[in-house]
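protein_10.cif (mmCIF, C-alpha atoms)
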data_data
loop_
_atom_site.label_atom_id
_atom_site.label_comp_id
_atom_site.auth_asym_id
_atom_site.auth_seq_id
_atom_site.Cartn_x
_atom_site.Cartn_y
_atom_site.Cartn_z
CA MET A 29 -158.35 185.10 119.54
CA HIS A 30 -156.07 188.12 119.60
CA VAL A 31 -153.31 186.10 121.27
CA THR A 32 -153.64 183.37 118.64
CA LEU A 33 -153.33 185.88 115.78
CA VAL A 34 -150.27 187.44 117.39
CA SER A 35 -148.67 184.01 117.83
CA ILE A 36 -149.33 183.06 114.21
CA SER A 37 -147.93 186.39 113.00
CA LEU A 38 -144.80 185.86 115.11
CA VAL A 39 -144.24 182.39 113.67
CA ILE A 40 -144.64 183.70 110.11
CA PHE A 41 -142.26 186.58 110.84
CA LEU A 42 -139.61 184.30 112.32
CA ALA A 43 -139.91 181.86 109.43
CA SER A 44 -139.62 184.61 106.83
CA SER A 45 -136.79 186.36 108.63
CA HIS A 46 -134.82 183.08 108.71
CA ALA A 47 -135.06 182.60 104.92
CA TYR A 48 -131.85 183.38 103.06
CA LYS A 49 -131.58 186.25 100.63
CA LYS A 50 -129.09 186.80 97.84
CA ASN A 51 -126.73 188.79 100.03
CA THR A 52 -127.12 186.65 103.18
CA LEU A 53 -125.93 183.27 101.94
CA PRO A 54 -122.94 182.23 104.10
CA ASP A 55 -119.41 182.30 102.76
CA ILE A 56 -116.95 179.43 103.11
CA GLU A 57 -115.30 181.21 106.05
CA ASN A 58 -118.53 181.56 108.02
CA GLU A 59 -117.98 179.60 111.24
CA ASP A 60 -121.64 178.62 111.71
CA PHE A 61 -121.77 177.39 108.11
CA ILE A 62 -118.62 175.31 108.63
CA LYS A 63 -119.93 173.85 111.88
CA ASP A 64 -123.26 172.91 110.30
CA CYS A 65 -121.63 171.22 107.31
CA VAL A 66 -119.31 169.12 109.45
CA ARG A 67 -121.91 168.36 112.12
CA MET A 68 -124.54 167.14 109.68
CA HIS A 69 -122.09 164.94 107.80
CA ASN A 70 -120.81 163.30 110.98
CA LYS A 71 -124.33 162.94 112.38
CA PHE A 72 -125.44 160.83 109.44
CA ARG A 73 -122.15 158.94 109.22
CA SER A 74 -122.47 157.92 112.87
CA GLU A 75 -126.07 156.74 112.43
CA VAL A 76 -125.82 154.46 109.37
CA ASN A 77 -127.82 151.24 109.39
CA PRO A 78 -126.36 148.66 109.45
CA ILE A 79 -123.72 150.05 111.79
CA ALA A 80 -120.28 150.81 110.32
CA SER A 81 -117.09 149.43 111.84
CA ASP A 82 -114.66 151.64 109.90
CA MET A 83 -116.39 155.01 109.37
CA LEU A 84 -113.91 157.88 109.61
CA TYR A 85 -114.71 161.11 111.43
CA MET A 86 -115.03 163.92 108.88
CA THR A 87 -113.48 167.38 109.22
CA TRP A 88 -113.41 170.60 107.22
CA ASP A 89 -110.88 171.31 104.49
CA PRO A 90 -110.54 174.96 103.35
CA THR A 91 -109.05 173.94 99.99
CA LEU A 92 -112.00 171.67 99.21
CA ALA A 93 -114.33 174.51 100.19
CA GLN A 94 -112.57 176.86 97.77
CA ILE A 95 -112.79 174.26 94.98
CA ALA A 96 -116.52 173.86 95.70
CA LYS A 97 -117.02 177.63 95.70
CA THR A 98 -115.21 178.11 92.41
CA TRP A 99 -117.38 175.50 90.72
CA ALA A 100 -120.62 176.66 92.42
CA LYS A 101 -120.10 180.14 90.94
CA LYS A 102 -120.41 178.58 87.46
CA CYS A 103 -124.07 177.73 88.25
CA HIS A 104 -124.04 174.35 86.48
CA PHE A 105 -126.19 171.48 87.74
CA LYS A 106 -123.52 168.90 86.97
CA HIS A 107 -120.32 167.66 88.54
CA ASN A 108 -117.06 169.53 88.14
CA PRO A 109 -115.24 167.81 85.23
CA GLN A 110 -111.89 168.59 86.87
CA LEU A 111 -112.50 166.40 89.96
CA SER A 112 -110.48 163.50 88.58
CA LYS A 113 -107.46 165.76 88.14
CA LYS A 114 -104.97 166.83 90.82
CA LEU A 115 -106.93 169.72 92.34
CA HIS A 116 -105.85 168.98 95.92
CA GLN A 117 -102.34 168.23 97.13
CA ASN A 118 -103.51 165.36 99.36
CA PHE A 119 -106.02 163.61 97.08
CA THR A 120 -105.70 162.22 93.55
CA SER A 121 -109.45 162.58 92.92
CA LEU A 122 -112.38 164.23 94.67
CA GLY A 123 -116.03 163.38 95.24
CA GLU A 124 -118.89 165.85 94.98
CA ASN A 125 -122.52 166.30 96.01
CA ILE A 126 -124.84 169.01 94.64
CA TRP A 127 -128.11 170.50 95.89
CA THR A 128 -130.00 173.25 94.06
CA GLY A 129 -133.24 174.89 95.19
CA SER A 130 -134.96 178.10 96.20
CA LEU A 131 -133.37 180.45 98.70
CA SER A 132 -136.29 180.01 101.09
CA LEU A 133 -135.82 176.24 101.15
CA PHE A 134 -132.06 176.19 101.54
CA SER A 135 -130.31 175.24 104.73
CA VAL A 136 -127.23 173.09 105.27
CA SER A 137 -129.37 170.67 107.24
CA SER A 138 -132.10 170.28 104.61
CA ALA A 139 -129.63 169.88 101.75
CA ILE A 140 -127.48 167.22 103.44
CA THR A 141 -130.58 165.44 104.76
CA SER A 142 -131.90 165.19 101.19
CA TRP A 143 -128.68 163.43 100.20
CA TYR A 144 -128.92 161.03 103.10
CA ASN A 145 -132.56 160.26 102.32
CA GLU A 146 -131.40 158.47 99.18
CA VAL A 147 -130.72 155.59 101.57
CA LYS A 148 -134.26 154.43 100.77
CA ASP A 149 -133.03 153.54 97.27
CA TYR A 150 -129.92 151.72 98.45
CA ASN A 151 -129.81 148.09 99.56
CA PHE A 152 -126.71 147.52 101.65
CA LYS A 153 -126.97 143.73 101.77
CA GLY A 154 -127.23 143.40 98.01
CA ASN A 155 -125.18 146.55 97.35
CA LYS A 156 -127.78 147.70 94.84
CA CYS A 157 -129.23 151.09 94.01
CA SER A 158 -132.82 151.11 92.74
CA HIS A 159 -132.92 154.78 91.76
CA VAL A 160 -130.50 157.58 92.74
CA CYS A 161 -128.19 156.96 95.69
CA GLY A 162 -124.78 158.36 94.71
CA HIS A 163 -125.17 161.35 97.04
CA TYR A 164 -125.90 158.99 99.93
CA THR A 165 -122.99 156.64 99.26
CA GLN A 166 -120.54 159.54 99.03
CA LEU A 167 -121.94 161.04 102.24
CA VAL A 168 -121.32 157.78 104.14
CA TRP A 169 -118.18 156.66 102.33
CA ALA A 170 -116.05 155.27 105.15
CA ASN A 171 -112.63 156.34 103.82
CA THR A 172 -113.67 159.93 103.09
CA TYR A 173 -112.52 162.16 105.93
CA LYS A 174 -112.36 165.69 104.51
CA VAL A 175 -115.18 167.90 103.28
CA GLY A 176 -115.47 171.46 102.01
CA CYS A 177 -118.75 173.07 101.01
CA ALA A 178 -119.96 176.30 99.42
CA VAL A 179 -123.28 177.86 98.52
CA GLU A 180 -123.78 180.51 95.84
CA PHE A 181 -126.69 182.56 94.57
CA CYS A 182 -127.58 181.76 90.96
CA GLN A 183 -130.13 183.62 88.86
CA ARG A 184 -130.20 180.59 86.59
CA VAL A 185 -128.68 177.13 86.91
CA SER A 186 -127.90 175.34 83.66
CA GLY A 187 -129.40 171.87 83.77
CA PHE A 188 -132.01 173.10 86.27
CA GLU A 189 -133.97 175.51 84.08
CA SER A 190 -137.14 175.37 86.19
CA LEU A 191 -135.42 177.37 88.94
CA SER A 192 -134.64 181.07 89.03
CA ASN A 193 -132.86 183.06 91.74
CA GLY A 194 -131.87 180.00 93.74
CA ALA A 195 -129.23 178.62 96.06
CA HIS A 196 -126.58 176.32 94.57
CA PHE A 197 -124.93 174.21 97.29
CA ILE A 198 -121.91 171.99 96.61
CA CYS A 199 -119.76 169.81 98.87
CA ASP A 200 -116.46 168.34 97.70
CA TYR A 201 -114.88 165.32 99.40
CA GLY A 202 -111.46 163.77 99.81
CA PRO A 203 -110.79 161.06 99.02
CA ALA A 204 -113.67 160.40 96.64
CA GLY A 205 -116.21 157.63 97.14
CA ASN A 206 -116.13 154.84 94.59
CA TYR A 207 -119.57 153.21 94.28
CA PRO A 208 -120.51 150.46 93.20
CA THR A 209 -118.48 148.89 96.01
CA ARG A 210 -120.08 149.10 99.47
CA PRO A 211 -119.47 152.48 101.13
CA TYR A 212 -118.42 151.00 104.48
CA THR A 213 -117.89 147.75 106.37
CA LYS A 214 -120.66 146.45 108.60
CA GLY A 215 -119.71 145.71 112.23
CA SER A 216 -119.44 147.01 115.77
CA PRO A 217 -118.73 150.75 115.95
CA CYS A 218 -115.01 151.54 115.60
CA SER A 219 -114.05 147.83 115.65
CA ALA A 220 -112.12 148.27 112.39
CA CYS A 221 -110.60 151.68 113.09
CA ARG A 222 -107.02 152.26 112.04
CA LYS A 223 -104.12 152.09 114.45
CA ASP A 224 -103.93 155.10 116.78
CA ASP A 225 -107.55 156.06 116.07
CA VAL A 226 -109.99 156.73 118.88
CA CYS A 227 -113.75 156.20 118.83
CA LEU A 228 -115.80 159.39 118.74
CA ASP A 229 -119.58 159.03 118.39
CA ASN A 230 -119.20 155.72 116.53
CA LEU A 231 -116.60 157.26 114.20
CA CYS A 232 -112.86 156.67 113.89
CA ALA A 233 -111.08 159.90 114.81
CA ASN A 234 -107.41 160.76 114.79
CA PRO A 235 -106.05 164.19 115.82
CA GLU A 236 -103.19 164.00 113.33
CA ARG A 237 -105.36 162.99 110.37
CA ASP A 238 -108.20 165.31 111.35
CA HIS A 239 -106.08 168.38 112.05
CA VAL A 240 -107.54 171.37 110.21
CA LYS A 241 -105.33 174.38 109.58
CA GLY A 242 -107.11 177.59 110.40
CA TYR A 243 -110.26 176.07 111.84
CA ASN A 244 -109.15 173.89 114.74
CA SER A 245 -111.34 175.63 117.32
CA VAL A 246 -114.37 175.43 115.04
CA VAL A 247 -114.36 172.01 113.48
CA PHE A 248 -112.00 169.79 115.40
CA PRO A 249 -110.38 170.38 118.79
CA ASP A 250 -106.69 171.14 118.82
CA TRP A 251 -106.08 168.61 121.57
CA PRO A 252 -106.11 164.77 121.79
CA LEU A 253 -109.49 163.08 121.56
CA TYR A 254 -110.71 160.32 123.81
CA SER A 255 -113.82 158.21 123.86
CA ARG A 256 -116.80 160.08 125.23
CA ASN A 257 -117.24 159.78 128.98
CA ARG A 258 -120.59 161.26 129.93
CA SER A 259 -119.88 161.17 133.69
CA LEU A 260 -116.62 163.03 133.26
CA SER A 261 -118.23 165.55 130.89
CA LEU A 262 -121.01 166.20 133.40
CA PHE A 263 -118.49 166.62 136.20
CA LEU A 264 -116.45 169.12 134.18
CA ILE A 265 -119.58 171.12 133.41
CA VAL A 266 -121.04 171.11 136.92
CA SER A 267 -117.91 171.40 139.07
CA PRO A 268 -116.89 175.03 138.27
CA PRO A 269 -120.24 176.53 139.43
CA ILE A 270 -120.16 174.35 142.55
CA LEU A 271 -116.61 175.42 143.40
CA LEU A 272 -117.52 179.07 142.84
CA LEU A 273 -120.61 178.78 145.04
CA THR A 274 -118.58 177.05 147.76
CA ALA A 275 -116.01 179.84 147.71
CA ILE A 276 -118.72 182.51 147.98
CA ILE A 277 -120.34 180.72 150.94
CA ALA A 278 -116.97 180.35 152.67
CA ILE A 279 -116.20 184.06 152.23
CA PHE A 280 -119.66 184.99 153.52
CA ILE A 281 -119.33 182.79 156.62
CA ARG A 282 -115.88 184.11 157.36
CA HIS A 283 -117.14 187.70 157.05
CA LYS A 284 -120.25 187.00 159.12
CA TYR A 285 -118.49 185.06 161.85
CA PRO A 286 -114.88 186.29 162.02
CA CYS A 287 -112.56 184.36 164.33
#
Step by step, read the file and then write its structure as structure tokens.
Amino acid sequence: MHVTLVSISLVIFLASSHAYKKNTLPDIENEDFIKDCVRMHNKFRSEVNPIASDMLYMTWDPTLAQIAKTWAKKCHFKHNPQLSKKLHQNFTSLGENIWTGSLSLFSVSSAITSWYNEVKDYNFKGNKCSHVCGHYTQLVWANTYKVGCAVEFCQRVSGFESLSNGAHFICDYGPAGNYPTRPYTKGSPCSACRKDDVCLDNLCANPERDHVKGYNSVVFPDWPLYSRNRSLSLFLIVSPPILLLTAIIAIFIRHKYPC
């Protein structure tokens, strides 16, 4: 009984200690925050059903993150009216997704998952939306390849009056999605990738297009990408320890049994 109570107390403590507070929400330069945003977007983009043939790999864009942060600070539960203007040097218009909720409920994973869950209201075959699915279609828009997100503490959010002291999470995208056309083309993974693209987890990746200034080591590797080879990856992971162990054994034998 005592052990059970201790275990329950530990779970409650860990859960409460993980909850965000006003001064612990991550900034747009937080590496874990950036990784989570990019990872969750690409996870869902790679898992669409039906499978996409032309889905681009998505990477972080610091400028989009700054635009998202600037708007998030306004604490409005509506889209930035400036998105259709030239806010970014590479995109004529930007897309945007918004999540607002309590600090204890916020995480990058839960927010982006809620957007993806709108898939239940979207019929790909008929290209129809029965309720709200604009967050989903932007999330899986094939031609969108840059994302920047920000989360801000808001005492009040206009347009979301039922909430107080909450987290206001915004992601901006380039280029913008354009529903009501279908968000992607159905087909074999990467079968409709652009020239010079490589297939990475069912997504079309390109080192030149996906290059991210300032965050290469965090979001996208600063070296050429190739299709995943699990055998090679396993070999690269396992071989260094084996080589080290072999060298230690050789040194031991030579010391034990000198010529």
For Ser192 in chain A, which residue among A:Tyr48, A:His69, A:Thr128, A:Ala139 is the nearest when counting only C-alpha atoms?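 When distances to Ser192 in chain A are compared using only C-alpha atoms, the smallest one comes from A:Thr128.
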With all atoms listed in the file as the atoms that count, which of A:Asp238, A:Glu180, A:Glu75, A:Asp149 lies nearest to Cys199 in chain A?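 Answer, going by the shortest atom-to-atom distance: A:Glu180.
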Go through A:Asn118, A:Asn77, A:Gln110, A:Asn145 one by one, measure the shortest atom-to-atom distance of each to Thr91 in chain A using only C-alpha atoms, and give the residue with the smallest value. A:Asn118
Going by the chain IDs and residue numbers used in this file, which residues fall under the PyMOL selection byres ((chain A and resi 147) around 12)? Write them as number ranges by chain. A: 72-73, 75-78, 141-146, 148-152, 155-168, 211
Write a file of the selected residues as a CSV table (one decimal), in the frame of the given file, keeping C-alpha atoms.
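Dumped everything to out11.csv:
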chain,number,residue,atom,x,y,z
A,72,PHE,CA,-125.4,160.8,109.4
A,73,ARG,CA,-122.2,158.9,109.2
A,75,GLU,CA,-126.1,156.7,112.4
A,76,VAL,CA,-125.8,154.5,109.4
A,77,ASN,CA,-127.8,151.2,109.4
A,78,PRO,CA,-126.4,148.7,109.4
A,141,THR,CA,-130.6,165.4,104.8
A,142,SER,CA,-131.9,165.2,101.2
A,143,TRP,CA,-128.7,163.4,100.2
A,144,TYR,CA,-128.9,161.0,103.1
A,145,ASN,CA,-132.6,160.3,102.3
A,146,GLU,CA,-131.4,158.5,99.2
A,148,LYS,CA,-134.3,154.4,100.8
A,149,ASP,CA,-133.0,153.5,97.3
A,150,TYR,CA,-129.9,151.7,98.4
A,151,ASN,CA,-129.8,148.1,99.6
A,152,PHE,CA,-126.7,147.5,101.6
A,155,ASN,CA,-125.2,146.6,97.4
A,156,LYS,CA,-127.8,147.7,94.8
A,157,CYS,CA,-129.2,151.1,94.0
A,158,SER,CA,-132.8,151.1,92.7
A,159,HIS,CA,-132.9,154.8,91.8
A,160,VAL,CA,-130.5,157.6,92.7
A,161,CYS,CA,-128.2,157.0,95.7
A,162,GLY,CA,-124.8,158.4,94.7
A,163,HIS,CA,-125.2,161.4,97.0
A,164,TYR,CA,-125.9,159.0,99.9
A,165,THR,CA,-123.0,156.6,99.3
A,166,GLN,CA,-120.5,159.5,99.0
A,167,LEU,CA,-121.9,161.0,102.2
A,168,VAL,CA,-121.3,157.8,104.1
A,211,PRO,CA,-119.5,152.5,101.1
Given only C-alpha atoms, how would the per-residue table for range 154-206 of chain A near range 81-84 of chain A read, listing every residue at most 7 Å away with its closest atom pair and distance in Å to one decimal, sorted by chain and number, as a Markdown table?
| residue | atom | partner | partner_atom | distance |
| --- | --- | --- | --- | --- |
| A:Ala170 | CA | A:Met83 | CA | 4.2 |
| A:Asn171 | CA | A:Leu84 | CA | 6.1 |
| A:Thr172 | CA | A:Leu84 | CA | 6.8 |
| A:Tyr173 | CA | A:Leu84 | CA | 5.8 |
Just to confirm, what's the straight-line distance from CA of Leu131 in chain A to CA of Tyr85 in chain A in Å (one decimal)? 29.7 Å
Got a sec to resolve the PyMOL selection byres ((chain A and resi 101-103) around 12) on this structure and send the residues as a PyMOL selection string? chain A and resi 94-100+104-108+126-129+178-189+191-198
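For the point (-119.0, 149.0, 103.4) in file coordinates, the residues within 8 Å, using only C-alpha atoms, are Ala80, Trp169, Ala170, Thr209, Arg210, Pro211, Tyr212, Thr213 and Lys214 of chain A.
Selecting by distance to (-115.1, 172.0, 105.1) with a limit of 9 Å and using only C-alpha atoms, one obtains A:Ile56, A:Ile62, A:Lys63, A:Cys65, A:Val66, A:Met86, A:Thr87, A:Trp88, A:Asp89, A:Pro90, A:Thr91, A:Leu92, A:Ala93, A:Lys174, A:Val175, A:Gly176, A:Cys177, A:Ala178, A:Cys199, A:Asp200, A:Tyr201, A:Val247.
The spacing separating CA of Gly123 in chain A from CA of Pro203 in chain A amounts to 6.9 Å.
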Compare A:Met68, A:Ile276, A:Ser112, A:Ile79 by their minimum atom-to-atom distance to Gly215 in chain A, counting all atoms listed in the file, and give me the closest one.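 Closest residue, counting all atoms listed in the file: A:Ile79.
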Fewer than 2 positions away in the same chain doesn't count, so skip those; otherwise give me all residues within 9 Å of Cys232 in chain A, counting only C-alpha atoms, as number ranges by chain. A: 81-85, 217-218, 220-222, 225-230, 234
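Straight-line separation from CA of Leu111 in chain A to CA of Tyr207 in chain A: 15.6 Å.
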